[in-house]
Structure formats: C-alpha cells, structure tokens
Amino acid sequence: MKPWMVMLLIAAGILCFLARWGKLVPTVAPVEYAQWPVVVLDAGHGGEDGGAVTASGHRESDINLQIVQKLDYFMALCGVETVLTRTEDVSLHTPGADERGERKQSDLDYRAQLVEQTPGAMLISIHQNQYSDPSVSGAQVFYSVGDVARQWGEFTQQTLCDVVDPANTKKAKQVSQDVYLFAHITRPALLVECGFLSNGLEASLLLTDDYQTRLSLAITGAYLHQLQMMNKASGGI
Ligand SMILES: [Zn+2]
C-alpha cells in the first residue's frame, strides 16, 4: 500500500471516529445503526452506454464505477450501509428490451426502482460532465426536490470545492426534471458531476486513483455531516 493511501485511510478513520463517537455521539438516546439510511450508490451509464468520453478514449462509465467503488469502500469503513446499482461494466436493462432507446429507459427504470424499493434510501448518482468549451472545469452537485436534498447538495458542493478543487466556484443546483432518474424517485438524491472530461487537465486527474479518492472522501465526509444534521433535526442528538 502506498504511503498516501495509508494517510488517507488514517484520515478517513479519524473522520469516521469523530462522526460516530465525537460529534454524532448522543447525549440522550443512542443513534442506532438501523436508523441510518441506506445509501444507493449509482455509477452512471455502463455497458453499451459509455456516457462521455475523454480525448484519449476513456469512458465516463468506467470512471463512474471506479469512484463508486471507492465511495463504497469509505462508506463501509464508516459503518454506512450501501447498495450499488451496478458493480460491473453492464447496462441494467431487462433482457426483453430490443432497441437502444428502450434499453436505456429500462436501465434507468431499474435504477429508479432500486432506490424506491430500498427502505429509507438516499441516492448518490456519480457522473462526469462534458461541454463544448474545453476550458470549463469543476465538480458540480445537483440535488433532488426538498430541503434535505438541498442542504445535503449544498454542503457536498462546498466540501468538494474546499477539499478537492479550491479554484472551483460552481454552486449546487436543483436537478432538472428532464433528468429521467430523478423525475422517477421520491427519496433525497444527489447527482454528482465529478468533473469535465472535455477539459484535458481535469480529465487526466479524474483518471487517477488519487483524485478519485479525494472526491470519494469529500462526498463521504459530506454525507456523514448530512447524517448529523438530520439526526439533530429529528431530535436524535
Ligand atoms: Zn453521465
């Protein structure tokens, strides 16, 4: 294991310790594991749908999955229960879907159903952005309708800016209802566009373990903060 990885694991361990036993430690009633939401981690695209592509030919779907796997790892370290929409490079459509558009809709329906059928779920959907102007860069968070998602999204955006890319001035926004998955779920959800594959420098960073790890730690830390806010709001602490 590389030294930086050891340092990150120690940092993650301290973060989790503080979150669980420091700031989150209850003064009245313990916060039970069963009260914690299940986080659905969604690696966007997959299989025949690779999403955006870097100039060097790397597919968004692969980067999304690599980041989701790191998120899964760090969340597991913190005792957060997760469900992954996909763990391989596959489309999630039903076998009967013949045409590409039908397969895409079936794939998104599967993801939406998984969120809706997971009791108390909160969704984090991981994507990479692209734009015609290659100078545009920076992670951006889009949140679903509702105060919980807005608070969570704004804090996640701030954490990504502070921890990963201080030059990033992007603000969190409510997701457009044109985004099919988000129009078909009712649970608090974030769409995290981790960066722009159309920006050469950012694309090269997004391909590295180091940058993916920093993104994943920031998103995990922001989630733990959101958990703390929700517990306070419900009188749990
Ligand atoms: Zn995408």
# chains A, B, ... in the order shown; residues from 1 in each chain; ligands from 1

$ residues_near_ligand --ligand "ligand 1" --cutoff "10 Å" --atoms "only C-alpha atoms and all ligand atoms" --output "count of residues only"
23

$ select_by_dssp --residues "segment 35-229 of chain A" --states "alpha helix (DSSP H)" --output "ChimeraX atom specification"
/A:60-77,100-117,147-159,180-183,200-206,209-229

$ write_last_selection --atoms "C-alpha atoms" --output "PDB file, in the first residue's frame"
ATOM      1  CA  GLU A  60     -17.284   8.026 -18.327  1.00  0.00           C
ATOM      2  CA  SER A  61     -18.993   4.772 -17.309  1.00  0.00           C
ATOM      3  CA  ASP A  62     -15.654   3.291 -16.179  1.00  0.00           C
ATOM      4  CA  ILE A  63     -14.635   6.388 -14.190  1.00  0.00           C
ATOM      5  CA  ASN A  64     -18.089   6.485 -12.556  1.00  0.00           C
ATOM      6  CA  LEU A  65     -17.720   2.865 -11.440  1.00  0.00           C
ATOM      7  CA  GLN A  66     -14.191   3.411 -10.086  1.00  0.00           C
ATOM      8  CA  ILE A  67     -15.402   6.358  -7.983  1.00  0.00           C
ATOM      9  CA  VAL A  68     -18.468   4.454  -6.765  1.00  0.00           C
ATOM     10  CA  GLN A  69     -16.265   1.550  -5.678  1.00  0.00           C
ATOM     11  CA  LYS A  70     -14.097   3.949  -3.649  1.00  0.00           C
ATOM     12  CA  LEU A  71     -17.203   5.564  -2.154  1.00  0.00           C
ATOM     13  CA  ASP A  72     -18.478   2.118  -1.224  1.00  0.00           C
ATOM     14  CA  TYR A  73     -15.160   1.372   0.476  1.00  0.00           C
ATOM     15  CA  PHE A  74     -15.048   4.574   2.525  1.00  0.00           C
ATOM     16  CA  MET A  75     -18.724   4.405   3.465  1.00  0.00           C
ATOM     17  CA  ALA A  76     -18.276   0.804   4.613  1.00  0.00           C
ATOM     18  CA  LEU A  77     -15.366   1.975   6.807  1.00  0.00           C
ATOM     19  CA  ARG A 100     -31.263   1.036 -27.775  1.00  0.00           C
ATOM     20  CA  GLY A 101     -33.694   3.711 -26.536  1.00  0.00           C
ATOM     21  CA  GLU A 102     -35.837   1.027 -24.941  1.00  0.00           C
ATOM     22  CA  ARG A 103     -32.788  -0.471 -23.255  1.00  0.00           C
ATOM     23  CA  LYS A 104     -31.746   2.950 -21.918  1.00  0.00           C
ATOM     24  CA  GLN A 105     -35.183   3.581 -20.421  1.00  0.00           C
ATOM     25  CA  SER A 106     -35.298   0.081 -18.960  1.00  0.00           C
ATOM     26  CA  ASP A 107     -31.841   0.648 -17.439  1.00  0.00           C
ATOM     27  CA  LEU A 108     -32.966   3.901 -15.794  1.00  0.00           C
ATOM     28  CA  ASP A 109     -36.237   2.319 -14.624  1.00  0.00           C
ATOM     29  CA  TYR A 110     -34.218  -0.383 -12.874  1.00  0.00           C
ATOM     30  CA  ARG A 111     -32.100   2.240 -11.070  1.00  0.00           C
ATOM     31  CA  ALA A 112     -35.216   4.201 -10.018  1.00  0.00           C
ATOM     32  CA  GLN A 113     -36.947   1.046  -8.759  1.00  0.00           C
ATOM     33  CA  LEU A 114     -33.889   0.079  -6.720  1.00  0.00           C
ATOM     34  CA  VAL A 115     -33.963   3.475  -4.991  1.00  0.00           C
ATOM     35  CA  GLU A 116     -37.706   3.348  -4.373  1.00  0.00           C
ATOM     36  CA  GLN A 117     -37.656  -0.252  -3.150  1.00  0.00           C
ATOM     37  CA  ASP A 147     -34.950  20.745   1.931  1.00  0.00           C
ATOM     38  CA  VAL A 148     -32.948  17.668   2.947  1.00  0.00           C
ATOM     39  CA  ALA A 149     -31.522  17.174  -0.523  1.00  0.00           C
ATOM     40  CA  ARG A 150     -30.822  20.900  -0.936  1.00  0.00           C
ATOM     41  CA  GLN A 151     -28.930  21.084   2.363  1.00  0.00           C
ATOM     42  CA  TRP A 152     -27.035  17.890   1.536  1.00  0.00           C
ATOM     43  CA  GLY A 153     -26.262  19.047  -2.001  1.00  0.00           C
ATOM     44  CA  GLU A 154     -25.036  22.486  -0.974  1.00  0.00           C
ATOM     45  CA  PHE A 155     -22.763  21.039   1.706  1.00  0.00           C
ATOM     46  CA  THR A 156     -21.408  18.403  -0.664  1.00  0.00           C
ATOM     47  CA  GLN A 157     -20.649  21.098  -3.252  1.00  0.00           C
ATOM     48  CA  GLN A 158     -18.867  23.195  -0.642  1.00  0.00           C
ATOM     49  CA  THR A 159     -16.861  20.196   0.572  1.00  0.00           C
ATOM     50  CA  TYR A 180     -35.278  10.802 -16.053  1.00  0.00           C
ATOM     51  CA  LEU A 181     -33.902   9.004 -12.990  1.00  0.00           C
ATOM     52  CA  PHE A 182     -34.515  11.966 -10.700  1.00  0.00           C
ATOM     53  CA  ALA A 183     -38.016  12.530 -12.071  1.00  0.00           C
ATOM     54  CA  GLY A 200      -7.863  17.836 -20.667  1.00  0.00           C
ATOM     55  CA  LEU A 201      -6.316  18.597 -17.271  1.00  0.00           C
ATOM     56  CA  GLU A 202      -9.393  17.649 -15.283  1.00  0.00           C
ATOM     57  CA  ALA A 203      -9.921  14.509 -17.370  1.00  0.00           C
ATOM     58  CA  SER A 204      -6.367  13.375 -16.618  1.00  0.00           C
ATOM     59  CA  LEU A 205      -6.966  13.964 -12.881  1.00  0.00           C
ATOM     60  CA  LEU A 206     -10.273  12.096 -12.947  1.00  0.00           C
ATOM     61  CA  ASP A 209      -6.687   6.844  -8.057  1.00  0.00           C
ATOM     62  CA  ASP A 210      -5.518   9.821  -6.024  1.00  0.00           C
ATOM     63  CA  TYR A 211      -8.089  12.287  -7.375  1.00  0.00           C
ATOM     64  CA  GLN A 212     -10.894   9.705  -7.300  1.00  0.00           C
ATOM     65  CA  THR A 213     -10.013   9.001  -3.654  1.00  0.00           C
ATOM     66  CA  ARG A 214     -10.155  12.697  -2.752  1.00  0.00           C
ATOM     67  CA  LEU A 215     -13.548  13.025  -4.454  1.00  0.00           C
ATOM     68  CA  SER A 216     -14.821   9.949  -2.632  1.00  0.00           C
ATOM     69  CA  LEU A 217     -13.584  11.115   0.769  1.00  0.00           C
ATOM     70  CA  ALA A 218     -15.186  14.538   0.259  1.00  0.00           C
ATOM     71  CA  ILE A 219     -18.536  13.017  -0.733  1.00  0.00           C
ATOM     72  CA  THR A 220     -18.400  10.548   2.183  1.00  0.00           C
ATOM     73  CA  GLY A 221     -17.497  13.286   4.667  1.00  0.00           C
ATOM     74  CA  ALA A 222     -20.343  15.484   3.405  1.00  0.00           C
ATOM     75  CA  TYR A 223     -22.751  12.577   3.731  1.00  0.00           C
ATOM     76  CA  LEU A 224     -21.708  12.000   7.371  1.00  0.00           C
ATOM     77  CA  HIS A 225     -22.250  15.703   8.024  1.00  0.00           C
ATOM     78  CA  GLN A 226     -25.718  15.481   6.455  1.00  0.00           C
ATOM     79  CA  LEU A 227     -26.489  12.481   8.656  1.00  0.00           C
ATOM     80  CA  GLN A 228     -25.557  14.566  11.673  1.00  0.00           C
ATOM     81  CA  MET A 229     -27.835  17.405  10.509  1.00  0.00           C
TER      82      MET A 229
END

$ atom_distance --atom1 "atom CA of Ser132 of chain A" --atom2 "atom CA of Leu197 of chain A"
10.6 Å

$ closest_residue --among "A:Gly47, A:Val80, A:Gly138, A:His93" --to "Ser198 of chain A" --atoms "only C-alpha atoms"
A:Gly138
